[in-house]
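Trainee: Input structure: protein_5.txt, which contains compact mmCIF, C-alpha atoms.
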```txt
# COMPACT_ATOMS: atom_id res chain seq x y z
CA MET O 1 193.13 289.06 404.45
CA PRO O 2 192.43 285.38 404.57
CA SER O 3 194.81 283.55 402.32
CA GLY O 4 192.31 280.97 401.27
CA THR O 5 190.08 282.92 398.95
CA GLY O 6 192.71 284.04 396.50
CA GLY O 7 190.24 286.72 395.55
CA THR O 8 192.71 289.49 395.00
CA GLU O 9 195.54 287.31 393.84
CA THR O 10 196.49 286.87 390.26
CA LEU O 11 196.15 283.43 388.75
CA ASP O 12 199.94 283.41 388.57
CA ALA O 13 200.20 283.81 392.34
CA LEU O 14 197.52 281.19 392.93
CA LEU O 15 199.42 278.70 390.80
CA VAL O 16 202.56 279.35 392.84
CA ARG O 17 200.54 278.39 395.91
CA VAL O 18 199.12 275.34 394.15
CA ALA O 19 202.69 274.28 393.39
CA ALA O 20 203.38 274.45 397.13
CA GLY O 21 200.49 272.05 397.78
CA ASP O 22 197.86 274.61 398.77
CA ARG O 23 194.45 273.03 398.13
CA ALA O 24 192.58 276.26 398.85
CA ALA O 25 194.53 277.87 396.03
CA LEU O 26 193.52 275.06 393.67
CA ARG O 27 189.93 275.55 394.78
CA ALA O 28 190.23 279.24 394.00
CA VAL O 29 191.66 278.48 390.54
CA TYR O 30 188.75 276.10 389.98
CA GLY O 31 186.23 278.68 391.16
CA ARG O 32 187.51 281.26 388.74
CA GLN O 33 188.23 279.11 385.73
CA SER O 34 186.00 276.04 385.75
CA THR O 35 183.14 277.52 383.72
CA ARG O 36 185.47 278.74 380.99
CA LEU O 37 187.50 275.51 380.96
CA PHE O 38 184.45 273.25 381.02
CA GLY O 39 183.11 275.16 378.02
CA ILE O 40 186.39 274.48 376.19
CA ALA O 41 186.18 270.76 376.96
CA MET O 42 182.51 270.67 375.96
CA ALA O 43 183.18 272.30 372.60
CA ILE O 44 185.55 269.43 371.82
CA LEU O 45 183.69 266.52 373.42
CA ARG O 46 180.02 267.59 373.36
CA ASP O 47 179.36 265.22 376.24
CA ARG O 48 179.08 266.50 379.81
CA THR O 49 180.21 263.24 381.39
CA ALA O 50 183.32 263.01 379.23
CA ALA O 51 184.03 266.71 379.69
CA ALA O 52 183.75 266.37 383.47
CA ASP O 53 186.19 263.45 383.42
CA VAL O 54 188.59 265.54 381.37
CA MET O 55 188.29 268.41 383.83
CA GLN O 56 189.09 266.07 386.70
CA ASP O 57 192.20 264.80 384.90
CA ALA O 58 193.20 268.30 383.94
CA PHE O 59 192.93 269.63 387.49
CA LEU O 60 194.93 266.68 388.75
CA ARG O 61 197.63 267.67 386.28
CA VAL O 62 197.40 271.28 387.42
CA TRP O 63 197.83 270.08 391.00
CA GLN O 64 200.82 267.93 390.09
CA ARG O 65 202.48 270.23 387.57
CA ALA O 66 201.79 273.73 388.80
CA ALA O 67 205.50 274.08 389.53
CA GLN O 68 206.15 273.78 385.79
CA PHE O 69 204.09 276.86 385.07
CA ASP O 70 206.40 279.79 384.44
CA PRO O 71 204.66 283.19 384.40
CA ALA O 72 207.60 284.60 382.48
CA ARG O 73 206.93 282.20 379.63
CA GLY O 74 203.21 282.46 379.28
CA ASP O 75 199.82 283.41 380.52
CA ALA O 76 198.18 281.36 383.28
CA GLN O 77 194.82 281.18 381.51
CA VAL O 78 196.54 279.89 378.38
CA TRP O 79 198.47 277.32 380.42
CA LEU O 80 195.23 276.09 382.01
CA SER O 81 193.24 275.96 378.80
CA SER O 82 196.07 274.12 377.05
CA ILE O 83 196.03 271.41 379.72
CA VAL O 84 192.28 271.02 379.33
CA ARG O 85 192.45 271.05 375.52
CA TYR O 86 195.17 268.39 375.33
CA ALA O 87 193.28 266.18 377.78
CA ALA O 88 190.07 266.62 375.77
CA LEU O 89 191.86 265.99 372.47
CA ASP O 90 193.36 262.79 373.88
CA VAL O 91 189.88 261.57 374.76
CA ALA O 92 188.49 262.65 371.38
CA ARG O 93 191.29 260.73 369.62
CA THR O 94 190.90 257.52 371.60
CA ARG O 95 187.15 257.75 371.33
CA GLY O 96 187.79 257.38 367.63
CA ARG O 97 185.60 258.70 364.94
CA GLU O 98 182.22 258.08 366.49
CA ILE O 99 181.06 261.60 365.98
CA PRO O 100 179.84 262.29 362.48
CA SER O 101 181.41 265.42 361.13
CA ASP O 102 177.97 266.71 360.23
CA ASP O 103 176.91 266.58 363.87
CA PRO O 104 174.44 269.45 364.12
CA ASP O 105 175.70 270.22 367.61
CA LEU O 106 179.11 271.00 366.28
CA GLY O 107 178.58 274.65 366.70
CA ASP O 108 176.76 277.05 364.53
CA ALA O 109 178.81 277.67 361.43
CA PRO O 110 182.06 278.63 363.13
CA VAL O 111 183.35 280.28 359.99
CA GLU O 112 180.62 282.88 359.81
CA ALA O 113 182.00 286.34 360.23
CA ASP O 114 179.98 286.83 363.40
CA ALA O 115 181.63 283.78 364.94
CA LEU O 116 184.93 285.57 364.75
CA ASP O 117 183.21 288.63 366.13
CA ARG O 118 182.76 286.67 369.32
CA LEU O 119 186.49 286.95 369.83
CA SER O 120 187.05 289.54 372.47
CA SER O 121 188.25 292.97 371.57
CA ALA O 122 191.42 292.45 373.58
CA GLU O 123 194.50 293.24 371.56
CA ASP O 124 195.65 289.65 371.05
CA SER O 125 192.20 288.59 369.93
CA ALA O 126 191.80 291.50 367.55
CA ARG O 127 195.13 290.73 365.89
CA LEU O 128 194.29 287.05 365.56
CA ARG O 129 190.87 287.93 364.15
CA ASP O 130 192.43 290.23 361.58
CA CYS O 131 194.94 287.60 360.59
CA LEU O 132 192.28 284.87 360.38
CA GLY O 133 190.29 287.26 358.24
CA LYS O 134 193.08 287.25 355.68
CA LEU O 135 192.87 283.49 355.21
CA GLU O 136 190.57 281.85 352.71
CA ALA O 137 187.21 281.03 354.25
CA LYS O 138 187.58 277.26 354.20
CA ASN O 139 191.07 277.50 355.58
CA ARG O 140 189.83 279.67 358.41
CA GLU O 141 186.96 277.32 359.06
CA GLY O 142 189.32 274.36 359.18
CA ILE O 143 191.48 276.03 361.79
CA VAL O 144 188.52 276.98 363.96
CA LEU O 145 186.96 273.51 363.66
CA ALA O 146 190.24 271.94 364.68
CA PHE O 147 191.13 274.26 367.53
CA VAL O 148 187.71 274.88 369.05
CA HIS O 149 185.90 271.65 368.21
CA GLY O 150 188.81 269.23 368.13
CA LEU O 151 188.15 267.94 364.63
CA SER O 152 190.83 265.80 363.03
CA HIS O 153 192.09 266.25 359.47
CA PRO O 154 189.73 263.55 358.11
CA GLU O 155 186.77 265.05 359.96
CA ILE O 156 187.51 268.50 358.63
CA ALA O 157 187.93 267.10 355.13
CA ALA O 158 184.54 265.40 355.39
CA ARG O 159 182.85 268.47 356.74
CA LEU O 160 184.31 270.82 354.15
CA ALA O 161 183.89 268.24 351.39
CA MET O 162 187.53 268.53 350.40
CA PRO O 163 190.22 265.92 349.78
CA LEU O 164 192.16 264.97 352.89
CA GLY O 165 195.53 265.89 351.41
CA THR O 166 194.28 269.31 350.42
CA VAL O 167 192.94 269.95 353.91
CA LYS O 168 196.21 268.94 355.51
CA SER O 169 198.30 271.24 353.39
CA TRP O 170 195.80 274.09 353.59
CA ILE O 171 195.73 274.00 357.34
CA ARG O 172 199.47 273.86 357.57
CA ARG O 173 199.81 276.77 355.18
CA GLY O 174 197.13 278.63 357.10
CA LEU O 175 199.00 278.16 360.37
CA LEU O 176 202.22 279.43 358.89
CA SER O 177 200.59 282.50 357.38
CA LEU O 178 198.93 283.16 360.73
CA ARG O 179 202.31 283.05 362.40
CA GLU O 180 203.75 285.41 359.86
CA CYS O 181 200.80 287.77 360.13
CA LEU O 182 201.01 287.83 363.95
CA SER O 183 204.75 288.34 364.15
CA MET A 1 216.04 261.12 368.26
CA SER A 2 212.38 261.13 369.10
CA GLY A 3 210.91 260.02 365.84
CA LEU A 4 210.28 263.65 364.99
CA PRO A 5 211.67 265.20 361.84
CA ASP A 6 214.99 267.03 362.13
CA ASP A 7 214.13 269.86 359.79
CA PRO A 8 213.47 272.97 361.95
CA ALA A 9 210.70 274.27 359.69
CA GLU A 10 209.03 270.88 359.78
CA ARG A 11 209.29 270.79 363.56
CA GLU A 12 207.85 274.28 363.81
CA ALA A 13 204.86 273.29 361.68
CA LEU A 14 204.46 270.13 363.74
CA ALA A 15 204.37 272.21 366.92
CA GLY A 16 201.59 274.30 365.37
CA GLU A 17 199.60 271.22 364.41
CA TYR A 18 200.13 269.74 367.86
CA VAL A 19 198.61 272.83 369.45
CA LEU A 20 195.86 273.02 366.84
CA GLY A 21 195.00 269.41 367.69
CA THR A 22 195.08 267.91 364.21
CA LEU A 23 197.90 265.41 364.75
CA ASP A 24 196.80 261.80 365.01
CA ALA A 25 197.20 259.99 368.33
CA ARG A 26 200.59 258.48 367.45
CA MET A 27 202.18 261.73 366.29
CA ALA A 28 200.64 263.77 369.13
CA ALA A 29 202.05 261.25 371.60
CA ARG A 30 205.50 261.57 370.02
CA VAL A 31 205.45 265.34 370.30
CA ALA A 32 204.22 265.16 373.89
CA ALA A 33 206.96 262.66 374.74
CA ALA A 34 209.65 264.83 373.15
CA LEU A 35 208.62 268.02 374.95
CA PRO A 36 210.30 267.48 378.34
CA GLY A 37 213.70 266.99 376.75
CA ASP A 38 213.47 269.51 373.94
CA ALA A 39 213.52 273.15 374.99
CA ALA A 40 213.21 274.48 371.43
CA LEU A 41 210.14 272.37 370.77
CA ARG A 42 208.68 273.47 374.10
CA ALA A 43 209.20 277.09 373.17
CA ALA A 44 207.61 276.55 369.76
CA VAL A 45 204.59 274.86 371.33
CA ALA A 46 204.26 277.59 373.96
CA ALA A 47 204.39 280.26 371.25
CA TRP A 48 201.65 278.51 369.28
CA GLU A 49 199.55 278.19 372.43
CA GLN A 50 199.80 281.94 372.93
CA ARG A 51 199.05 282.72 369.29
CA LEU A 52 195.92 280.59 369.08
CA ALA A 53 194.70 281.12 372.66
CA PRO A 54 192.14 283.82 371.77
CA LEU A 55 190.19 281.15 369.85
CA THR A 56 189.28 279.50 373.16
CA ALA A 57 186.80 282.37 373.56
CA LEU A 58 184.73 280.79 370.78
CA ALA A 59 183.83 277.91 373.11
CA PRO A 60 180.74 279.03 375.03
CA PRO A 61 181.43 278.96 378.79
CA GLU A 62 179.41 276.30 380.55
CA ALA A 63 179.13 275.49 384.24
CA PRO A 64 180.50 272.04 385.07
CA PRO A 65 178.42 269.54 387.07
CA PRO A 66 178.06 270.77 390.66
CA ASP A 67 179.81 267.74 392.12
CA LEU A 68 182.92 268.11 389.99
CA TRP A 69 184.99 270.03 392.52
CA ASP A 70 184.28 267.38 395.14
CA ARG A 71 185.51 264.72 392.74
CA ILE A 72 188.70 266.66 392.06
CA ASP A 73 189.19 267.33 395.75
CA ALA A 74 188.81 263.63 396.49
CA ALA A 75 191.15 262.71 393.67
CA ILE A 76 194.00 264.84 394.98
CA ALA A 77 193.69 263.48 398.52
CA PRO A 78 195.49 263.02 400.76
CA PRO A 79 196.81 266.51 401.29
CA ALA A 80 199.46 265.59 403.83
CA PRO A 81 202.72 264.68 402.06
CA ARG A 82 203.00 267.59 399.64
CA ALA A 83 201.73 270.10 402.11
CA ALA A 84 204.11 268.87 404.76
CA ILE A 85 207.20 269.29 402.64
CA ALA A 86 206.02 272.51 401.09
CA SER A 87 208.14 275.47 401.93
CA PRO A 88 206.56 277.29 404.86
CA ALA A 89 207.26 280.67 403.31
CA PRO A 90 205.61 280.92 399.92
CA ARG A 91 207.44 282.78 397.20
CA ALA A 92 207.61 286.53 397.26
CA ALA A 93 204.77 287.03 394.82
CA ILE A 94 202.27 286.08 397.47
CA ALA A 95 200.75 288.76 399.63
CA SER A 96 199.47 286.84 402.61
CA PRO A 97 201.08 288.03 405.81
CA ALA A 98 199.72 285.48 408.26
CA PRO A 99 198.06 282.89 406.14
CA ARG A 100 197.51 280.05 408.53
CA ARG A 101 195.83 281.78 411.40
CA GLY A 102 193.76 284.19 409.31
CA TRP A 103 192.52 281.46 407.09
CA LEU A 104 191.65 279.13 409.93
CA SER A 105 189.83 281.66 412.03
CA SER A 106 187.81 282.94 409.12
CA LEU A 107 187.10 279.36 408.18
CA GLY A 108 185.78 278.85 411.69
CA LEU A 109 183.44 281.79 411.41
CA TRP A 110 182.38 280.59 408.04
CA ARG A 111 181.56 277.16 409.37
CA ILE A 112 179.47 278.59 412.16
CA TRP A 113 177.59 280.67 409.65
CA ALA A 114 177.18 277.73 407.34
CA VAL A 115 175.76 275.52 410.06
CA GLY A 116 173.27 278.22 411.02
CA ALA A 117 172.27 278.66 407.43
CA THR A 118 171.97 274.95 406.97
CA LEU A 119 169.64 274.68 409.93
CA ALA A 120 167.59 277.63 408.77
CA ALA A 121 167.32 276.26 405.31
CA ALA A 122 166.38 272.93 406.83
CA ALA A 123 166.73 270.32 404.18
CA PHE A 124 168.51 271.96 401.32
CA ALA A 125 171.26 269.72 400.18
CA GLY A 126 172.97 272.29 398.01
CA LEU A 127 174.42 273.94 401.07
CA ALA A 128 176.54 270.91 401.71
CA VAL A 129 179.02 272.07 399.11
CA LEU A 130 179.29 275.58 400.50
CA PRO A 131 181.54 275.03 403.53
CA ARG A 132 184.32 274.11 401.11
CA ALA A 133 184.21 277.54 399.57
CA PRO A 134 186.93 279.90 400.72
CA ALA A 135 185.83 282.47 403.28
CA PRO A 136 183.75 285.21 401.66
CA ARG A 137 183.15 288.62 403.08
CA TYR A 138 179.52 289.06 402.23
CA MET A 139 177.03 286.64 400.94
CA ALA A 140 173.36 286.20 400.25
CA VAL A 141 171.04 283.28 399.87
CA LEU A 142 168.54 284.18 397.17
CA VAL A 143 165.14 282.69 397.88
CA THR A 144 161.92 282.27 395.96
CA ASP A 145 158.73 283.99 397.00
CA GLN A 146 158.06 280.75 398.89
CA SER A 147 161.29 281.39 400.84
CA GLN A 148 162.96 278.42 399.22
CA PRO A 149 166.73 278.92 398.94
CA ALA A 150 167.75 278.77 395.30
CA TRP A 151 171.02 280.60 394.78
CA ALA A 152 174.04 281.41 396.90
CA ALA A 153 175.77 284.68 396.08
CA GLU A 154 179.11 285.60 397.57
CA VAL A 155 181.27 288.64 397.20
CA MET A 156 184.88 287.83 396.44
CA PRO A 157 187.50 289.97 398.17
CA ASN A 158 188.37 291.54 394.81
CA GLY A 159 184.83 292.88 394.57
CA GLY A 160 183.63 290.22 392.13
CA LEU A 161 180.38 288.41 392.70
CA HIS A 162 180.02 284.66 392.50
CA LEU A 163 176.65 283.02 392.08
CA ALA A 164 175.96 279.30 392.49
CA ALA A 165 172.69 277.43 392.15
CA MET A 166 171.57 275.42 395.16
CA THR A 167 170.06 272.00 394.75
CA SER A 168 167.03 271.07 396.79
CA VAL A 169 166.69 267.67 398.41
CA ALA A 170 164.27 266.77 395.66
CA GLY A 171 167.11 267.42 393.24
CA ASN A 172 165.54 270.55 391.81
CA ARG A 173 167.64 273.44 390.70
CA PRO A 174 166.50 276.81 389.49
CA GLN A 175 165.55 276.49 385.82
CA THR A 176 165.47 279.16 383.17
CA PRO A 177 161.99 279.27 381.63
CA GLN A 178 161.96 278.14 378.01
CA GLY A 179 162.92 280.92 375.61
CA ARG A 180 163.69 283.40 378.40
CA ARG A 181 166.79 284.54 380.23
CA MET A 182 167.33 285.19 383.89
CA GLN A 183 168.93 288.52 384.66
CA LEU A 184 170.78 289.48 387.82
CA TRP A 185 170.23 292.84 389.50
CA GLY A 186 171.79 294.71 392.38
CA LEU A 187 170.01 297.34 394.45
CA PRO A 188 172.43 298.99 396.88
CA PRO A 189 171.00 300.45 400.07
CA GLY A 190 169.55 303.88 399.34
CA ALA A 191 169.31 303.32 395.59
CA LYS A 192 165.90 303.69 393.99
CA THR A 193 166.38 301.52 390.94
CA PRO A 194 168.34 298.29 390.51
CA THR A 195 171.36 298.01 388.24
CA SER A 196 171.82 295.04 385.93
CA LEU A 197 174.68 292.75 386.88
CA GLY A 198 174.32 290.59 383.79
CA LEU A 199 172.49 287.62 382.35
CA LEU A 200 172.73 284.18 383.91
CA PRO A 201 173.88 281.30 381.73
CA VAL A 202 170.85 279.51 380.26
CA GLN A 203 171.92 276.28 381.78
CA GLY A 204 174.58 275.94 384.35
CA GLY A 205 174.53 276.67 387.96
CA GLN A 206 177.45 279.01 388.40
CA MET A 207 178.70 282.33 387.27
CA THR A 208 181.28 284.83 388.39
CA ILE A 209 180.98 288.49 387.65
CA ARG A 210 184.50 289.79 387.84
CA ALA A 211 183.74 293.47 387.81
CA PRO A 212 180.10 294.04 388.76
CA SER A 213 178.58 297.23 387.37
CA VAL A 214 177.59 298.19 390.88
CA ARG A 215 179.88 297.43 393.79
CA PRO A 216 178.39 294.67 395.96
CA VAL A 217 178.13 296.18 399.42
CA LYS A 218 176.60 295.09 402.69
CA ASP A 219 172.80 295.09 402.65
CA MET A 220 172.64 295.30 398.88
CA LEU A 221 169.56 293.55 397.55
CA ILE A 222 170.30 291.00 394.86
CA MET A 223 167.49 289.94 392.58
CA ILE A 224 166.96 287.71 389.59
CA SER A 225 164.20 288.51 387.12
CA VAL A 226 162.88 286.63 384.08
CA GLU A 227 163.53 288.60 380.91
CA PRO A 228 163.38 288.29 377.12
CA PRO A 229 166.22 286.37 375.43
CA GLY A 230 168.52 289.39 375.08
CA GLY A 231 167.91 290.62 378.59
CA SER A 232 165.70 293.46 379.76
CA PRO A 233 165.19 295.96 376.93
CA THR A 234 164.63 298.84 379.36
CA GLY A 235 167.56 298.50 381.72
CA GLN A 236 165.13 297.73 384.53
CA PRO A 237 163.50 294.42 385.44
CA THR A 238 160.53 293.90 383.12
CA GLY A 239 159.61 290.35 384.10
CA PRO A 240 158.80 288.89 387.49
CA VAL A 241 161.52 288.92 390.14
CA VAL A 242 161.79 285.24 390.94
CA PHE A 243 164.68 285.17 393.42
CA PHE A 244 165.98 287.74 395.84
CA GLY A 245 168.24 288.05 398.84
CA ARG A 246 170.27 290.59 400.80
CA LEU A 247 174.03 290.61 401.20
CA THR A 248 175.06 290.11 404.80
CA ALA A 249 178.46 289.66 406.35
CA ALA A 250 179.42 286.02 406.68
CA GLY A 251 179.18 285.25 410.38
CA GLU A 252 176.37 287.71 411.10
CA SER A 253 173.82 285.68 409.20
```
Would you mind giving the structure from this file in structure tokens?

Mentor:
Amino acid sequence: MPSGTGGTETLDALLVRVAAGDRAALRAVYGRQSTRLFGIAMAILRDRTAAADVMQDAFLRVWQRAAQFDPARGDAQVWLSSIVRYAALDVARTRGREIPSDDPDLGDAPVEADALDRLSSAEDSARLRDCLGKLEAKNREGIVLAFVHGLSHPEIAARLAMPLGTVKSWIRRGLLSLRECLS
Amino acid sequence: MSGLPDDPAEREALAGEYVLGTLDARMAARVAAALPGDAALRAAVAAWEQRLAPLTALAPPEAPPPDLWDRIDAAIAPPAPRAAIASPAPRAAIASPAPRRGWLSSLGLWRIWAVGATLAAAAFAGLAVLPRAPAPRYMAVLVTDQSQPAWAAEVMPNGGLHLAAMTSVAGNRPQTPQGRRMQLWGLPPGAKTPTSLGLLPVQGGQMTIRAPSVRPVKDMLIMISVEPPGGSPTGQPTGPVVFFGRLTAAGES
């Protein structure tokens, strides 16, 4: 089997090869993950040019830091999406607050029950969905807006028409009850 | 020590907010700076990443610009130093008995095929990106009824199918008609009716079908039809078949 395709290899194994400087392995990671990861960056930035720049930065980091990925400590897809999310969040933060929180492109009512239904039926997703379902609606919406769309506390407060301090403490409480529920 | 609170509960909550993305730039930078030297904080962040990861599925997948890989590839150049010092024997997890030779020779075949295809397709610029792709086993160029190449399909060694739009010299790429969806079909040799392989993204030039509903085999006909928004209601193509091609072994052309 040619080693370049990575077709039968797990992402874990591909990242081990990336860590050894194997460009074909990075290409294979890109081929498998770029559509998912670009979607994640787009949900935060809503700008294809900015999202593409973030992807380029993120893949550079993957190239440079693949050795830091430890399959024993986490899932490769999660590791990759975290790198993309942090890079996108950095851009969103430095870009400042140009995007009005009532941007119609923000996503269609992420708190609707059917939005959570889009979570896959995989076990992790089902548990998270159940636990999110136990939160108050606005709390749940705040968490989804932050995680998926990269909204800051002030942006969430504006969008939910709630005081900033309330939003901060709600989201923190929501996170902690999620952790408890998932444990 | 790092400007972060000492209280463990506070640090745990901070890790959650870091992963959630709600910290402001200054605080996020502090957490990021503390991570390399703080194993407990790293573990807390990693645990939050795992907990919240399923939410990434709420971001609709979208194909990146077609030139993005080339930009990344250029950005990581040159390959020499890291590759040269890389251990010649990759770690045990890797199942690739004779990587170098196998990869190079299949790459050679692939290039020969690609040149032939490029000549045959005359002026279609989209092919220029293909020789970078790792060696496939089978592939197909889906053409229009005017024999214009529009999509490249390749079978991954794990049996998945990857589809990428090709860009014509004029800069045109296959477009989904307004309010419709394009649906992918496979017709294996001997089969009488095609099987749906899924809907194409409305915009975006790439998709990978990890586990196709029908195994992509040599000489399978691959087609794309125009269907209602939710896909064909009958399980068979109901709209016009706008692109089609046959899987052939790379190198046979």

Trainee: What is the distance between atom CA of Gly21 of chain O and atom CA of Ala74 of chain A, in Å to one decimal?

Mentor: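 Computed distance, atom CA of Gly21 of chain O to atom CA of Ala74 of chain A, equals 14.5 Å.
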
Trainee: Would you kindly report the residues of chain O within 7 Å of chain A, using only C-alpha atoms, as a ChimeraX atom specification?

Mentor: /O:1-5,7-8,13,17,20-22,24,34-36,38-40,43,52,56,59-60,78,89,93,118-119,124-125,146-148,150-153,172,175

Trainee: Please indicate the distance in Å from atom CA of Ala152 of chain A to atom CA of Trp185 of chain A, rounded to one decimal place.

Mentor: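 Computing the Euclidean distance for atom CA of Ala152 of chain A and atom CA of Trp185 of chain A yields 14.1 Å.
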
Trainee: May I ask which of the residues A:Asn172, A:Thr234, A:Ser213, A:Thr248 is the closest one to Met139 of chain A, counting all atoms listed in the file?

Mentor: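 Under the stated criterion, the closest residue is A:Thr248.
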
Trainee: Would you please work out which residue, of A:Pro237, A:Gly179, A:Pro188, A:Pro66, is nearest to Thr167 of chain A when using all atoms listed in the file?

Mentor: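 Closest to Thr167 of chain A of all the choices is A:Pro66.
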
Trainee: Could you tell me how far atom CA of Asp38 of chain A sits from atom CA of Val16 of chain O, in Å to one decimal place?

Mentor: 23.9 Å

Trainee: Please determine, counting only C-alpha atoms, which residue among A:Val45, A:Leu221, A:Ala211, A:Met166 has the shortest atom-to-atom distance to Thr193 of chain A.

Mentor: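 Looking only at the distances to Thr193 of chain A, the closest residue turns out to be A:Leu221.
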
Trainee: Using all atoms listed in the file, determine which residues lie at most 7 Å from Val84 of chain O, disregarding the query and same-chain residues fewer than 2 positions distant; provide the list as a list of chain:residue names.

Mentor: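 Residues meeting the cut-off are O:Leu37, O:Ala41, O:Val54, O:Met55, O:Ala58, O:Leu80, O:Ser81, O:Ser82, O:Tyr86, O:Ala87, O:Ala88.
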
Trainee: Take the point (174.6, 284.5, 402.4) in the file's coordinates, draw a sphere of radius 7 Å around it, and report as a list in words every protein, DNA or RNA residue with an atom inside or on it, counting all atoms listed in the file.

Mentor: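 Returned residue set, sorted by chain then number, is Tyr138, Met139, Ala140, Val141, Ala152, Ala153, Glu154, Leu247, Thr248, Ala250 and Ser253 of chain A.
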